[in-house]
Amino acid sequence: MGSPKRERQRAARLAKTEAELRAERKSRAVRTTVKVGVGVLVVLVVLFLWSTLAGRDGGSDTAAGSEEPTEVTEPVEEEPEWSSPALAEEVLARDAPDPAPPPADLPADALEIDTLIEGEGEGAEVGDTVVVHYVGVNPDGEVFDQSWERETFPVTLGAGEVITGWDEGLVGAKVGERRRLEIGADNAYGDRGAGDKIPPGAPLAFEVDIVDIERAG
């Protein structure tokens, strides 16, 4: 066995060596942490720069118009397929008529027909659909209905969709024709009238332009 002095010296050397090892390990851990932190920071900086540059490139392309903007397609209204397109367009280009009022003493069962503008082709028959513009006036000359500020109005003749004066009075009408109808109360709205503008027992007058005829079948 060594002397106590040698044992103390040996213990001191071991303690010093162990302390140095601990210090080295701590220093190595700090260096590793720093390296990892620097590496992560570099990666983040690179990603940030790349994202910024990519964003700028995209913005430049859009501003310069190199990317075509998305087009918003609005619904397209289909043009009607008229049987006589040129004649239909001529009728549609007319100004609305200004009908004279019906005679106040027009018989209740009357249906007077007068052609103001001649049409072309075959006349409409029962079962055909006539596409029209119209203006209607009461005995005071007040317009109670008209289609010129709206769309054309289709009527299937003989189907009971309209008053008798129209169902019967438009038979024989031709495309392009302007037809005047003077209709007694019995062939219009009778003793019940219609709304505030057509009193009971009132005769009516219409001027009707035939835009087109859709043949039955």
# chains A, B, ... in the order shown; residues from 1 in each chain; ligands from 1
$ residues_around --residues "Val131 of chain A" --least-positions-apart "4" --cutoff "6 Å" --atoms "only C-alpha atoms" --output "number ranges by chain"
A: 153-154, 211-212
$ select_by_dssp --residues "segment 133-213 of chain A" --states "alpha helix (DSSP H)" --output "list of chain:residue names"
A:Thr164, A:Gly165, A:Trp166, A:Asp167, A:Glu168, A:Gly169
$ write_last_selection --atoms "C-alpha atoms" --output "CSV table (one decimal), in the first residue's frame"
chain,number,residue,atom,x,y,z
A,164,THR,CA,-112.2,34.2,-78.0
A,165,GLY,CA,-111.6,37.3,-80.1
A,166,TRP,CA,-108.0,36.4,-80.3
A,167,ASP,CA,-108.5,32.6,-80.8
A,168,GLU,CA,-110.8,33.3,-83.8
A,169,GLY,CA,-109.5,36.7,-84.9
$ residues_around --residues "segment 91-105 of chain A" --least-positions-apart "2" --cutoff "9 Å" --atoms "only C-alpha atoms" --output "PyMOL selection string"
chain A and resi 86-89+107-108+133-143+146-148+152+175-178+180-184+202-211
